[in-house]
>>> print(open('my_file_27.cif').read())   # mmCIF, C-alpha atoms
data_my_file
#
loop_
_atom_site.label_atom_id
_atom_site.label_comp_id
_atom_site.auth_asym_id
_atom_site.auth_seq_id
_atom_site.Cartn_x
_atom_site.Cartn_y
_atom_site.Cartn_z
CA MET A 1 -12.02 82.87 206.30
CA HIS A 2 -9.00 80.55 206.46
CA ARG A 3 -5.47 81.56 205.58
CA VAL A 4 -3.87 78.93 203.38
CA LYS A 5 -0.54 78.13 201.85
CA ILE A 6 0.24 76.28 198.66
CA GLY A 7 0.80 72.62 199.42
CA THR A 8 1.72 71.20 196.03
CA VAL A 9 1.51 71.88 192.33
CA LEU A 10 1.10 68.64 190.41
CA PHE A 11 1.08 68.16 186.65
CA ASP A 12 -0.87 65.64 184.59
CA GLN A 13 0.41 65.99 181.05
CA ALA A 14 -1.91 63.26 179.80
CA LYS A 15 -4.96 65.29 180.85
CA GLY A 16 -3.41 68.66 180.05
CA ALA A 17 -4.07 69.89 183.56
CA ALA A 18 -2.44 70.69 186.84
CA ILE A 19 -3.66 70.60 190.42
CA VAL A 20 -2.74 73.17 193.01
CA THR A 21 -3.51 72.26 196.60
CA LEU A 22 -4.18 74.91 199.21
CA VAL A 23 -3.61 73.80 202.79
CA ASP A 24 -5.12 75.56 205.81
CA GLU A 25 -2.71 76.87 208.45
CA ALA A 26 -3.52 74.01 210.80
CA GLY A 27 -2.63 71.54 208.04
CA ARG A 28 -5.89 69.68 208.52
CA ARG A 29 -7.83 70.59 205.40
CA ILE A 30 -6.68 70.64 201.81
CA LEU A 31 -8.43 72.30 198.88
CA PRO A 32 -7.44 70.77 195.52
CA ILE A 33 -8.13 73.02 192.53
CA PHE A 34 -7.73 71.76 188.98
CA ILE A 35 -6.08 74.40 186.78
CA GLY A 36 -4.47 74.62 183.35
CA LEU A 37 -0.92 73.43 182.71
CA TRP A 38 0.35 76.93 181.95
CA GLU A 39 -1.19 78.37 185.09
CA GLY A 40 0.35 75.51 187.06
CA MET A 41 3.73 76.28 185.51
CA ALA A 42 3.37 79.98 186.41
CA ILE A 43 2.63 79.12 190.06
CA PHE A 44 5.43 76.55 190.12
CA ARG A 45 7.92 79.08 188.70
CA GLU A 46 6.95 81.69 191.28
CA LEU A 47 7.18 79.25 194.17
CA ASN A 48 10.69 78.34 193.06
CA ARG A 49 11.61 81.93 192.16
CA ALA A 50 12.56 80.73 188.67
CA PRO A 51 12.10 83.70 186.35
CA ALA A 52 10.49 83.23 182.97
CA PRO A 53 12.57 84.31 179.97
CA ARG A 54 9.96 87.03 179.32
CA PRO A 55 7.50 88.57 181.79
CA MET A 56 4.36 86.52 182.36
CA LEU A 57 0.98 88.19 182.85
CA HIS A 58 1.18 88.01 186.65
CA ASP A 59 4.67 89.61 186.46
CA LEU A 60 3.25 92.42 184.37
CA PHE A 61 0.25 92.94 186.65
CA CYS A 62 2.43 93.04 189.77
CA HIS A 63 4.73 95.62 188.14
CA VAL A 64 1.74 97.73 187.07
CA LEU A 65 0.40 97.69 190.64
CA LEU A 66 3.78 98.77 191.98
CA GLY A 67 4.08 101.43 189.30
CA PHE A 68 0.79 102.96 190.43
CA GLY A 69 1.79 102.80 194.07
CA ALA A 70 -0.74 100.06 194.76
CA ARG A 71 -0.33 96.68 196.39
CA LEU A 72 -2.11 93.36 196.42
CA GLU A 73 -3.33 93.03 200.00
CA LYS A 74 -4.75 89.53 199.74
CA VAL A 75 -6.41 86.95 197.54
CA ILE A 76 -9.58 85.16 198.59
CA VAL A 77 -11.02 82.05 196.95
CA ASP A 78 -14.55 82.95 197.98
CA THR A 79 -17.05 81.06 195.83
CA LEU A 80 -17.69 77.59 194.44
CA ARG A 81 -20.52 77.49 191.93
CA ASP A 82 -21.26 74.71 189.42
CA ASN A 83 -17.90 73.05 190.21
CA THR A 84 -16.05 76.27 189.37
CA PHE A 85 -13.98 78.19 191.90
CA TYR A 86 -13.98 81.99 191.95
CA ALA A 87 -11.43 84.29 193.53
CA ARG A 88 -11.06 87.98 194.27
CA LEU A 89 -8.02 90.21 194.38
CA TYR A 90 -8.02 92.87 197.08
CA VAL A 91 -5.91 95.79 195.87
CA ARG A 92 -5.16 98.96 197.82
CA GLN A 93 -3.75 102.26 196.64
CA GLN A 94 -3.43 104.66 199.55
CA ASP A 95 -7.04 105.10 200.82
CA ALA A 96 -8.70 103.47 197.81
CA ALA A 97 -9.55 99.78 197.85
CA VAL A 98 -10.59 97.77 194.80
CA VAL A 99 -11.88 94.21 194.63
CA ILE A 100 -11.23 92.45 191.32
CA ASP A 101 -12.78 89.18 190.10
CA ALA A 102 -10.13 86.62 189.05
CA ARG A 103 -9.61 82.98 188.25
CA PRO A 104 -8.07 81.24 191.27
CA SER A 105 -5.05 80.10 189.25
CA ASP A 106 -4.23 83.66 188.18
CA ALA A 107 -4.95 85.02 191.66
CA ILE A 108 -2.68 82.44 193.29
CA ALA A 109 0.17 83.11 190.83
CA LEU A 110 -0.17 86.83 191.49
CA ALA A 111 -0.31 86.33 195.26
CA VAL A 112 2.93 84.36 195.16
CA LYS A 113 4.58 86.98 192.92
CA CYS A 114 3.42 89.90 195.09
CA GLN A 115 3.95 87.98 198.35
CA ALA A 116 0.32 88.49 199.38
CA PRO A 117 -1.60 86.12 201.67
CA ILE A 118 -4.14 83.68 200.25
CA TYR A 119 -7.43 82.92 202.00
CA VAL A 120 -10.30 80.51 201.36
CA ALA A 121 -13.85 81.19 202.49
CA GLU A 122 -15.22 78.75 205.06
CA GLU A 123 -18.11 77.82 202.75
CA VAL A 124 -15.70 76.86 199.97
CA LEU A 125 -13.45 74.87 202.29
CA ALA A 126 -16.49 73.13 203.81
CA ALA A 127 -17.89 72.24 200.39
CA ALA A 128 -14.72 71.19 198.56
CA GLY A 129 -11.96 70.90 201.16
CA LYS A 130 -10.73 67.48 202.14
CA VAL A 131 -8.62 65.97 204.83
CA GLU A 132 -5.53 64.17 203.50
CA GLU A 133 -7.14 60.73 203.88
CA GLU A 134 -10.03 61.76 201.60
CA LEU A 135 -7.89 62.82 198.64
CA THR A 136 -8.25 60.74 195.49
CA ALA A 137 -5.19 59.19 193.84
CA GLU A 138 -5.39 61.91 191.19
CA GLU A 139 -5.38 64.68 193.80
CA LYS A 140 -2.66 63.11 195.90
CA ALA A 141 0.75 62.58 194.38
CA PRO A 142 2.64 59.40 195.10
CA GLU A 143 5.11 60.02 197.88
CA GLU A 144 8.03 60.31 195.47
CA ARG A 145 6.19 63.05 193.49
CA ARG A 146 5.05 65.13 196.45
CA GLU A 147 7.99 67.47 196.01
CA ALA A 148 7.98 69.92 193.14
CA PRO A 149 9.72 68.62 190.03
CA SER A 150 13.31 69.69 189.55
CA THR A 151 14.26 72.37 187.05
CA GLU A 152 15.68 69.62 184.84
CA ASP A 153 12.38 67.70 185.00
CA VAL A 154 10.42 70.80 184.00
CA ARG A 155 12.88 71.62 181.20
CA ALA A 156 12.66 68.05 179.87
CA TRP A 157 8.85 68.18 180.06
CA LEU A 158 8.76 71.47 178.13
CA GLU A 159 11.23 70.20 175.50
CA ASN A 160 9.11 67.10 174.91
CA LEU A 161 5.78 68.90 174.45
CA ARG A 162 4.08 68.12 171.15
CA PRO A 163 1.20 69.96 169.42
CA GLU A 164 -1.12 67.01 170.07
CA ASP A 165 -0.56 67.49 173.85
CA PHE A 166 -2.72 70.60 173.50
CA ALA A 167 -5.62 68.96 171.69
CA ASP A 168 -9.02 69.56 173.23
CA PRO A 169 -9.86 66.40 175.23
CA HIS A 170 -13.61 66.93 174.69
#
>>> encode(input="my_file_27.cif", output="structure tokens")
Amino acid sequence: MHRVKIGTVLFDQAKGAAIVTLVDEAGRRILPIFIGLWEGMAIFRELNRAPAPRPMLHDLFCHVLLGFGARLEKVIVDTLRDNTFYARLYVRQQDAAVVIDARPSDAIALAVKCQAPIYVAEEVLAAAGKVEEELTAEEKAPEERREAPSTEDVRAWLENLRPEDFADPH
């Protein structure tokens, strides 16, 4: 098991997707995970502590956990099957522990919101992790885009969204 941090959240409006990169503590291996635009925005907002106008699902879930006296102990991206990543939430309420299946994008957004550590299983990192030199152009942002977009950039992007941006690409 490797503890990771979020390296970047990149957006590709043309493809209607985002990429979140998880970087191991040593900074040697990177795990790029393609996620939806909205999930990418949720993670981006949490990383920048920019509240949504209304509570998002991960906000709600974190508040429910707190309301029941429970806490998110950790998130583990533990499986890669048929090019799909799987994650688990490890929740504890006093002496009771519960493991909950989750999409990695939701689990990561919740981990950031609840300030819980994120881990990746060795098998997943070995199968899909890359060293920086191996990243494709799509997975690696140009140097000027490696930083998260500014609030103004995100606002402009949201204001310019059109219904056809959400068309199914398949």
>>> closest_residue(input="my_file_27.cif", among="A:Ile6, A:Ala127, A:Gly27, A:Lys113", to="Leu60 of chain A", atoms="all atoms listed in the file")
A:Lys113
>>> atom_distance(input="my_file_27.cif", atom1="atom CA of His63 of chain A", atom2="atom CA of Val98 of chain A")
16.8 Å
>>> closest_residue(input="my_file_27.cif", among="A:Ala14, A:Val77, A:Leu22, A:Leu72", to="Leu37 of chain A", atoms="all atoms listed in the file")
A:Ala14
>>> residues_around(input="my_file_27.cif", residues="Pro104 of chain A", least_positions_apart="6", cutoff="8 Å", atoms="only C-alpha atoms", output="PyMOL selection string")
chain A and resi 77+85-88
>>> write_last_selection(input="my_file_27.cif", atoms="C-alpha atoms", output="short mmCIF file (atom, residue, chain, number, x, y, z; two decimals), in the frame of the given file")
data_model
loop_
_atom_site.label_atom_id
_atom_site.label_comp_id
_atom_site.auth_asym_id
_atom_site.auth_seq_id
_atom_site.Cartn_x
_atom_site.Cartn_y
_atom_site.Cartn_z
CA VAL A 77 -11.02 82.05 196.95
CA PHE A 85 -13.98 78.19 191.90
CA TYR A 86 -13.98 81.99 191.95
CA ALA A 87 -11.43 84.29 193.53
CA ARG A 88 -11.06 87.98 194.27
#
>>> atom_distance(input="my_file_27.cif", atom1="atom CA of Val4 of chain A", atom2="atom CA of Gly67 of chain A")
27.7 Å
>>> closest_residue(input="my_file_27.cif", among="A:Val64, A:Ala128, A:Ala18, A:Val75", to="Val112 of chain A", atoms="only C-alpha atoms")
A:Val75
>>> closest_residue(input="my_file_27.cif", among="A:Asn48, A:Ala109, A:Gln115, A:Val131", to="Ala26 of chain A", atoms="only C-alpha atoms")
A:Val131
>>> atom_distance(input="my_file_27.cif", atom1="atom CA of Pro32 of chain A", atom2="atom CA of Gln13 of chain A")
17.1 Å
>>> resolve_selection(input="my_file_27.cif", expression="the PyMOL selection byres ((chain A and resi 121) around 9)", output="PDB file with C-alpha atoms, in the frame of the given file")
ATOM      1  CA  MET A   1     -12.020  82.870 206.300  1.00  0.00           C
ATOM      2  CA  HIS A   2      -9.000  80.550 206.460  1.00  0.00           C
ATOM      3  CA  ARG A   3      -5.470  81.560 205.580  1.00  0.00           C
ATOM      4  CA  ILE A  76      -9.580  85.160 198.590  1.00  0.00           C
ATOM      5  CA  VAL A  77     -11.020  82.050 196.950  1.00  0.00           C
ATOM      6  CA  ASP A  78     -14.550  82.950 197.980  1.00  0.00           C
ATOM      7  CA  THR A  79     -17.050  81.060 195.830  1.00  0.00           C
ATOM      8  CA  TYR A 119      -7.430  82.920 202.000  1.00  0.00           C
ATOM      9  CA  VAL A 120     -10.300  80.510 201.360  1.00  0.00           C
ATOM     10  CA  GLU A 122     -15.220  78.750 205.060  1.00  0.00           C
ATOM     11  CA  GLU A 123     -18.110  77.820 202.750  1.00  0.00           C
ATOM     12  CA  VAL A 124     -15.700  76.860 199.970  1.00  0.00           C
ATOM     13  CA  LEU A 125     -13.450  74.870 202.290  1.00  0.00           C
ATOM     14  CA  ALA A 126     -16.490  73.130 203.810  1.00  0.00           C
TER      15      ALA A 126
END
>>> resolve_selection(input="my_file_27.cif", expression="the PyMOL selection byres ((chain A and resi 35) around 7)", output="MDAnalysis selection string")
chainID A and resid 17:19 33:34 36:37 39:40 105
>>> closest_residue(input="my_file_27.cif", among="A:Ile100, A:Val23, A:Ala52, A:Ile30", to="Lys130 of chain A", atoms="only C-alpha atoms")
A:Ile30
>>> closest_residue(input="my_file_27.cif", among="A:Leu47, A:Leu110, A:Val9, A:Leu80", to="Phe61 of chain A", atoms="all atoms listed in the file")
A:Leu110
>>> resolve_selection(input="my_file_27.cif", expression="the PyMOL selection byres ((chain A and resi 74) around 6)", output="list in words")
Leu72, Glu73, Val75, Tyr90, Ala116, Pro117 and Ile118 of chain A
